[in-house]
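Engineer: Sharing a structure here in structure tokens format.
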Amino acid sequence: MAGLHELLAELDGAEAATIAPRLLGGVLSVVGADGALVRLRLTEVEAYGGAGVDPGAHSFRGPTRRNATMFGPPGRLYVYFTYGMHVCANIVVGAEGVGTGVLLRAGEVVEGLEAARARRLGARDDSELARGPARLTRALGIVLGDDGARIGQVPPDRFGFEAAPVPPQRIANGPRTGVSGPGGSDAFPWRFWLVGDPTVSPYRAHRPRAR
DNA sequence: CATTAGATCGTCT
DNA sequence: GACGATCTAATGA
């Protein structure tokens, strides 16, 4: 099993859409803001390209206050707040200044079930604990203050990742969920998931704001 | 089962 | 001032 930084070094210069599927099946370890440890096997991710390349990416129009971490060194967490109430997390995968990341959309809790359940009261089934990007951060105890944190090894770090290669035939891909405009079209089929896994979130097209 | 309304606020235009 | 890389509950078929 390779750590995140080894994997990123091996794929140096590759596009986010090439790196994203390589993260599937890998195990993300997080010591949450409340101190409890949860390990999650990634089952669904989305790749986001760099500035001027990917109209669906936060980094498309260049660096801003919010997306600064995307333009920093790879192997860090890019955590952002959205819809007035939700937190989502990415792994920065491109070189410094490029602005690429992989959104962590869903996974299977493989350790720390009790902590994850406690953080996700209301989940009807364990497969729902981290089925969706905002649910995932909640199950793992990732908070806004974790933006920019380095993903190393747990312990001693609070965040870690171990890759676990998955056969290509078990991976499917398609348009990204909830992305408006051309970035959410078939032109960017950069959502990747493990075929048939119950923790993969349902696809939802972007919905324009109601009046 | 599918579709929709409402929640709620930081960020960028 | 408009709008989200979303989620839940409620309503309709």
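Chain labels follow the order of the structure tokens: the first chain is A, the next B, and so on; residue numbering restarts at 1 in every chain, and ligands are counted from 1 in their shown order.
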Per residue of chain A within 10 Å of chain B, what are the shortest atom pair and its distance in Å to one decimal, counting only C-alpha atoms (C1' of nucleotides), with rows by chain and residue number, as a tab-separated table?
Structural biologist:
residue	atom	partner	partner_atom	distance
A:Thr64	CA	B:DC12	C1'	8.7
A:Arg65	CA	B:DT11	C1'	8.5
A:Arg66	CA	B:DT11	C1'	7.4
A:Tyr80	CA	B:DG10	C1'	9.8
A:Phe81	CA	B:DG10	C1'	7.5
A:Thr82	CA	B:DG10	C1'	7.6
A:Tyr83	CA	B:DT8	C1'	6.8
A:Gly84	CA	B:DC9	C1'	4.3
A:Met85	CA	B:DT8	C1'	6.3
A:His86	CA	B:DT8	C1'	9.7
A:Ala210	CA	B:DA5	C1'	8.2
Engineer: What residues in chain C lie within 10 Å of chain A, counting only C-alpha atoms (C1' of nucleotides), written as a list in words?
Structural biologist: DA2, DC3, DG4, DA5, DT6, DC7 and DT8 of chain C
Engineer: Please produce an output containing N, CA, C and O atoms (P, O5', C5', C4', C3', O3' and C1' of nucleotides) for each residue in the selection, written as a CSV table (one decimal), in the first residue's frame.
Structural biologist:
chain,number,residue,atom,x,y,z
C,2,DA,P,-30.9,39.6,-7.0
C,2,DA,O5',-30.0,38.4,-7.6
C,2,DA,C5',-29.0,38.6,-8.5
C,2,DA,C4',-28.1,37.4,-8.6
C,2,DA,C3',-28.9,36.1,-8.5
C,2,DA,O3',-28.4,35.2,-9.5
C,2,DA,C1',-27.3,36.2,-6.8
C,3,DC,P,-29.1,33.8,-9.8
C,3,DC,O5',-28.0,32.9,-9.1
C,3,DC,C5',-26.7,33.0,-9.4
C,3,DC,C4',-25.9,32.1,-8.5
C,3,DC,C3',-26.5,30.7,-8.3
C,3,DC,O3',-25.4,29.8,-8.3
C,3,DC,C1',-26.0,31.8,-6.2
C,4,DG,P,-25.6,28.4,-9.2
C,4,DG,O5',-26.0,27.3,-8.1
C,4,DG,C5',-25.2,26.2,-7.7
C,4,DG,C4',-23.9,26.7,-7.2
C,4,DG,C3',-23.2,25.8,-6.2
C,4,DG,O3',-21.8,26.1,-6.1
C,4,DG,C1',-24.0,27.6,-5.0
C,5,DA,P,-20.6,25.2,-6.6
C,5,DA,O5',-20.8,23.7,-6.2
C,5,DA,C5',-21.6,22.8,-7.0
C,5,DA,C4',-21.3,21.4,-6.6
C,5,DA,C3',-21.3,21.0,-5.2
C,5,DA,O3',-21.5,19.6,-5.0
C,5,DA,C1',-19.1,20.8,-6.1
C,6,DT,P,-23.1,19.2,-4.8
C,6,DT,O5',-23.5,19.8,-3.4
C,6,DT,C5',-22.8,19.5,-2.2
C,6,DT,C4',-23.8,19.3,-1.0
C,6,DT,C3',-24.6,18.0,-1.2
C,6,DT,O3',-24.3,17.2,0.0
C,6,DT,C1',-26.0,19.8,-0.7
C,7,DC,P,-24.9,15.8,0.2
C,7,DC,O5',-26.1,16.0,1.2
C,7,DC,C5',-25.9,16.7,2.4
C,7,DC,C4',-27.2,17.0,3.1
C,7,DC,C3',-28.1,15.7,3.2
C,7,DC,O3',-28.4,15.5,4.6
C,7,DC,C1',-29.3,17.6,2.4
C,8,DT,P,-29.1,14.2,5.1
C,8,DT,O5',-30.6,14.7,5.4
C,8,DT,C5',-30.8,15.8,6.2
C,8,DT,C4',-32.2,16.2,6.2
C,8,DT,C3',-33.2,15.1,6.3
C,8,DT,O3',-34.0,15.3,7.5
C,8,DT,C1',-33.8,16.6,4.5
Engineer: Looking only at the backbone, which of the residues in region 35-195 of chain A does DSSP tag as strand (DSSP E or B), as a PyMOL selection string?
Structural biologist: chain A and resi 37-48+76-82+86-92+101-111+131+150+152+159-162+171-174+191-194
Engineer: Go ahead and write the residues just picked, N, CA and C atoms, as a short mmCIF file (atom, residue, chain, number, x, y, z; two decimals), in the first residue's frame.
Structural biologist:
data_model
loop_
_atom_site.label_atom_id
_atom_site.label_comp_id
_atom_site.auth_asym_id
_atom_site.auth_seq_id
_atom_site.Cartn_x
_atom_site.Cartn_y
_atom_site.Cartn_z
N LEU A 37 -11.41 8.74 15.92
CA LEU A 37 -10.84 8.27 14.65
C LEU A 37 -11.85 7.49 13.82
N VAL A 38 -11.93 7.85 12.55
CA VAL A 38 -12.77 7.09 11.60
C VAL A 38 -11.95 6.83 10.36
N ARG A 39 -12.02 5.58 9.86
CA ARG A 39 -11.37 5.27 8.59
C ARG A 39 -12.45 5.00 7.55
N LEU A 40 -12.19 5.51 6.34
CA LEU A 40 -13.18 5.44 5.28
C LEU A 40 -12.56 4.94 3.98
N ARG A 41 -13.20 3.93 3.40
CA ARG A 41 -12.76 3.43 2.09
C ARG A 41 -13.49 4.23 1.02
N LEU A 42 -12.76 4.95 0.20
CA LEU A 42 -13.37 5.83 -0.80
C LEU A 42 -14.06 5.03 -1.90
N THR A 43 -15.32 5.38 -2.17
CA THR A 43 -16.09 4.69 -3.21
C THR A 43 -16.56 5.63 -4.32
N GLU A 44 -16.43 6.92 -4.10
CA GLU A 44 -16.89 7.89 -5.11
C GLU A 44 -16.12 9.20 -4.99
N VAL A 45 -15.60 9.70 -6.10
CA VAL A 45 -14.84 10.95 -6.12
C VAL A 45 -15.16 11.73 -7.40
N GLU A 46 -14.79 13.00 -7.40
CA GLU A 46 -14.91 13.81 -8.61
C GLU A 46 -13.64 14.61 -8.81
N ALA A 47 -13.16 14.66 -10.06
CA ALA A 47 -11.94 15.41 -10.37
C ALA A 47 -12.30 16.83 -10.79
N TYR A 48 -11.50 17.78 -10.36
CA TYR A 48 -11.69 19.19 -10.75
C TYR A 48 -10.38 19.73 -11.29
N ARG A 76 -2.79 18.18 0.30
CA ARG A 76 -3.45 18.88 1.41
C ARG A 76 -4.95 18.76 1.23
N LEU A 77 -5.67 19.06 2.31
CA LEU A 77 -7.13 19.08 2.26
C LEU A 77 -7.59 20.47 1.85
N TYR A 78 -8.47 20.54 0.84
CA TYR A 78 -9.15 21.78 0.50
C TYR A 78 -10.58 21.63 1.01
N VAL A 79 -10.91 22.37 2.06
CA VAL A 79 -12.23 22.26 2.68
C VAL A 79 -12.98 23.58 2.48
N TYR A 80 -14.22 23.48 2.02
CA TYR A 80 -15.00 24.70 1.79
C TYR A 80 -16.42 24.57 2.32
N PHE A 81 -17.02 25.74 2.51
CA PHE A 81 -18.37 25.86 3.07
C PHE A 81 -19.34 26.23 1.95
N THR A 82 -20.49 25.56 1.87
CA THR A 82 -21.40 25.89 0.78
C THR A 82 -22.87 25.75 1.20
N HIS A 86 -23.26 23.55 4.60
CA HIS A 86 -22.53 22.31 4.39
C HIS A 86 -21.04 22.50 4.17
N VAL A 87 -20.27 21.47 4.56
CA VAL A 87 -18.82 21.48 4.40
C VAL A 87 -18.43 20.31 3.49
N CYS A 88 -17.59 20.57 2.50
CA CYS A 88 -17.11 19.52 1.61
C CYS A 88 -15.59 19.54 1.58
N ALA A 89 -14.99 18.39 1.26
CA ALA A 89 -13.53 18.28 1.29
C ALA A 89 -12.96 17.70 0.00
N ASN A 90 -11.83 18.25 -0.40
CA ASN A 90 -11.08 17.76 -1.56
C ASN A 90 -9.66 17.41 -1.14
N ILE A 91 -9.01 16.59 -1.96
CA ILE A 91 -7.57 16.41 -1.84
C ILE A 91 -6.94 17.18 -2.98
N VAL A 92 -6.04 18.10 -2.67
CA VAL A 92 -5.33 18.84 -3.71
C VAL A 92 -4.34 17.88 -4.37
N GLY A 101 -8.01 19.52 -7.88
CA GLY A 101 -8.34 18.76 -6.67
C GLY A 101 -9.29 17.62 -6.97
N VAL A 102 -9.48 16.76 -5.98
CA VAL A 102 -10.42 15.65 -6.10
C VAL A 102 -11.40 15.74 -4.94
N LEU A 103 -12.68 15.95 -5.29
CA LEU A 103 -13.72 16.04 -4.27
C LEU A 103 -14.04 14.65 -3.73
N LEU A 104 -14.06 14.54 -2.40
CA LEU A 104 -14.38 13.27 -1.76
C LEU A 104 -15.90 13.19 -1.62
N ARG A 105 -16.52 12.34 -2.43
CA ARG A 105 -17.98 12.33 -2.48
C ARG A 105 -18.65 11.27 -1.62
N ALA A 106 -18.01 10.12 -1.45
CA ALA A 106 -18.65 9.07 -0.67
C ALA A 106 -17.65 7.98 -0.31
N GLY A 107 -18.02 7.20 0.72
CA GLY A 107 -17.14 6.12 1.11
C GLY A 107 -17.82 5.19 2.11
N GLU A 108 -17.11 4.11 2.42
CA GLU A 108 -17.61 3.11 3.36
C GLU A 108 -16.79 3.21 4.65
N VAL A 109 -17.47 3.40 5.76
CA VAL A 109 -16.78 3.47 7.04
C VAL A 109 -16.25 2.08 7.39
N VAL A 110 -14.92 1.96 7.53
CA VAL A 110 -14.34 0.65 7.82
C VAL A 110 -13.77 0.59 9.24
N GLU A 111 -13.75 1.72 9.92
CA GLU A 111 -13.33 1.74 11.32
C GLU A 111 -13.91 2.98 11.98
N ARG A 131 -22.48 8.84 2.45
CA ARG A 131 -22.97 8.79 1.07
C ARG A 131 -23.35 10.19 0.63
N ARG A 150 -2.30 19.15 6.07
CA ARG A 150 -1.52 18.19 5.30
C ARG A 150 -2.02 16.78 5.58
N GLY A 152 -0.94 13.26 5.99
CA GLY A 152 0.30 12.52 6.25
C GLY A 152 0.01 11.09 6.65
N PHE A 159 -4.61 13.40 9.64
CA PHE A 159 -5.15 12.94 8.35
C PHE A 159 -4.15 12.03 7.66
N GLY A 160 -4.66 10.93 7.10
CA GLY A 160 -3.79 10.01 6.39
C GLY A 160 -4.53 9.35 5.25
N PHE A 161 -3.76 8.76 4.32
CA PHE A 161 -4.40 8.06 3.19
C PHE A 161 -3.49 6.94 2.71
N GLU A 162 -4.08 5.77 2.52
CA GLU A 162 -3.34 4.64 1.98
C GLU A 162 -4.05 4.17 0.71
N ILE A 171 -14.56 0.24 -12.00
CA ILE A 171 -14.75 1.69 -11.89
C ILE A 171 -15.59 2.20 -13.06
N ALA A 172 -16.60 3.03 -12.72
CA ALA A 172 -17.42 3.67 -13.75
C ALA A 172 -17.22 5.17 -13.65
N ASN A 173 -17.59 5.90 -14.73
CA ASN A 173 -17.47 7.35 -14.66
C ASN A 173 -18.61 8.01 -15.42
N GLY A 174 -18.86 9.27 -15.11
CA GLY A 174 -19.95 10.01 -15.74
C GLY A 174 -19.88 11.47 -15.33
N ARG A 191 -16.69 12.28 -12.76
CA ARG A 191 -17.15 11.64 -11.53
C ARG A 191 -16.81 10.15 -11.66
N PHE A 192 -16.18 9.59 -10.65
CA PHE A 192 -15.75 8.20 -10.69
C PHE A 192 -16.28 7.47 -9.47
N TRP A 193 -16.78 6.23 -9.67
CA TRP A 193 -17.31 5.50 -8.53
C TRP A 193 -17.09 4.00 -8.71
N LEU A 194 -17.20 3.26 -7.61
CA LEU A 194 -17.06 1.81 -7.64
C LEU A 194 -18.42 1.21 -8.01
#
Engineer: I'd like the interatomic distance between CA of Pro198 (chain A) and C1' of DT11 (chain C), to a tenth of an Å.
Structural biologist: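 Computed distance, CA of Pro198 (chain A) to C1' of DT11 (chain C), equals 26.3 Å.
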Engineer: Go ahead and compute the interatomic distance for CA of Leu144 (chain A) and CA of Glu15 (chain A), in Å to one decimal.
Structural biologist: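 Value for the CA of Leu144 (chain A)-CA of Glu15 (chain A) distance: 26.1 Å.
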Engineer: Quick one: distance from CA of Leu129 (chain A) to CA of Leu113 (chain A) in Å, one decimal?
Structural biologist: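 Distance reported for this atom pair: 9.0 Å.
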Engineer: Can you tell me, as a PyMOL selection string, which residues in region 38-185 of chain A count as helix (DSSP H, G or I) by DSSP?
Structural biologist: chain A and resi 66-71+113-119+126-128+133-140+144-146+168-170+182-184
Engineer: Let me see the file: selected residues, C-alpha atoms, as a tab-separated table (two decimals), in the first residue's frame.
Structural biologist:
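For reference, selection.tsv as written:
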chain	number	residue	atom	x	y	z
A	66	ARG	CA	-11.73	30.73	-0.60
A	67	ASN	CA	-9.86	28.52	-3.09
A	68	ALA	CA	-6.33	29.50	-2.05
A	69	THR	CA	-5.59	26.00	-0.77
A	70	MET	CA	-6.26	24.52	-4.23
A	71	PHE	CA	-3.34	26.54	-5.55
A	113	LEU	CA	-18.45	3.09	13.15
A	114	GLU	CA	-19.70	4.27	16.52
A	115	ALA	CA	-18.11	7.70	16.18
A	116	ALA	CA	-19.47	8.07	12.65
A	117	ARG	CA	-22.97	7.08	13.77
A	118	ALA	CA	-22.83	9.57	16.63
A	119	ARG	CA	-21.89	12.35	14.23
A	126	ASP	CA	-24.56	2.56	7.86
A	127	SER	CA	-24.28	2.80	4.07
A	128	GLU	CA	-25.69	6.34	4.38
A	133	PRO	CA	-19.81	14.93	0.16
A	134	ALA	CA	-21.35	16.88	3.04
A	135	ARG	CA	-22.35	13.70	4.85
A	136	LEU	CA	-18.82	12.41	4.38
A	137	THR	CA	-17.16	15.37	6.09
A	138	ARG	CA	-19.67	15.13	8.90
A	139	ALA	CA	-19.07	11.40	9.41
A	140	LEU	CA	-15.32	11.97	9.46
A	144	LEU	CA	-13.81	24.23	7.95
A	145	GLY	CA	-10.76	24.84	10.10
A	146	ASP	CA	-9.14	21.77	8.54
A	168	PRO	CA	-10.40	-0.65	-13.89
A	169	GLN	CA	-13.45	-2.76	-14.77
A	170	ARG	CA	-14.88	-2.07	-11.32
A	182	PRO	CA	-20.81	23.18	-19.17
A	183	GLY	CA	-18.72	21.87	-16.29
A	184	GLY	CA	-21.59	19.58	-15.35
Engineer: Any idea what's packed within 8 Å of Leu23 (chain A), counting only C-alpha atoms (C1' of nucleotides), ignoring anything in its chain fewer than 4 positions away? Could you give it as a list in words?
Structural biologist: Ile19, Leu42, Ala163, Ala164 and Pro165 of chain A
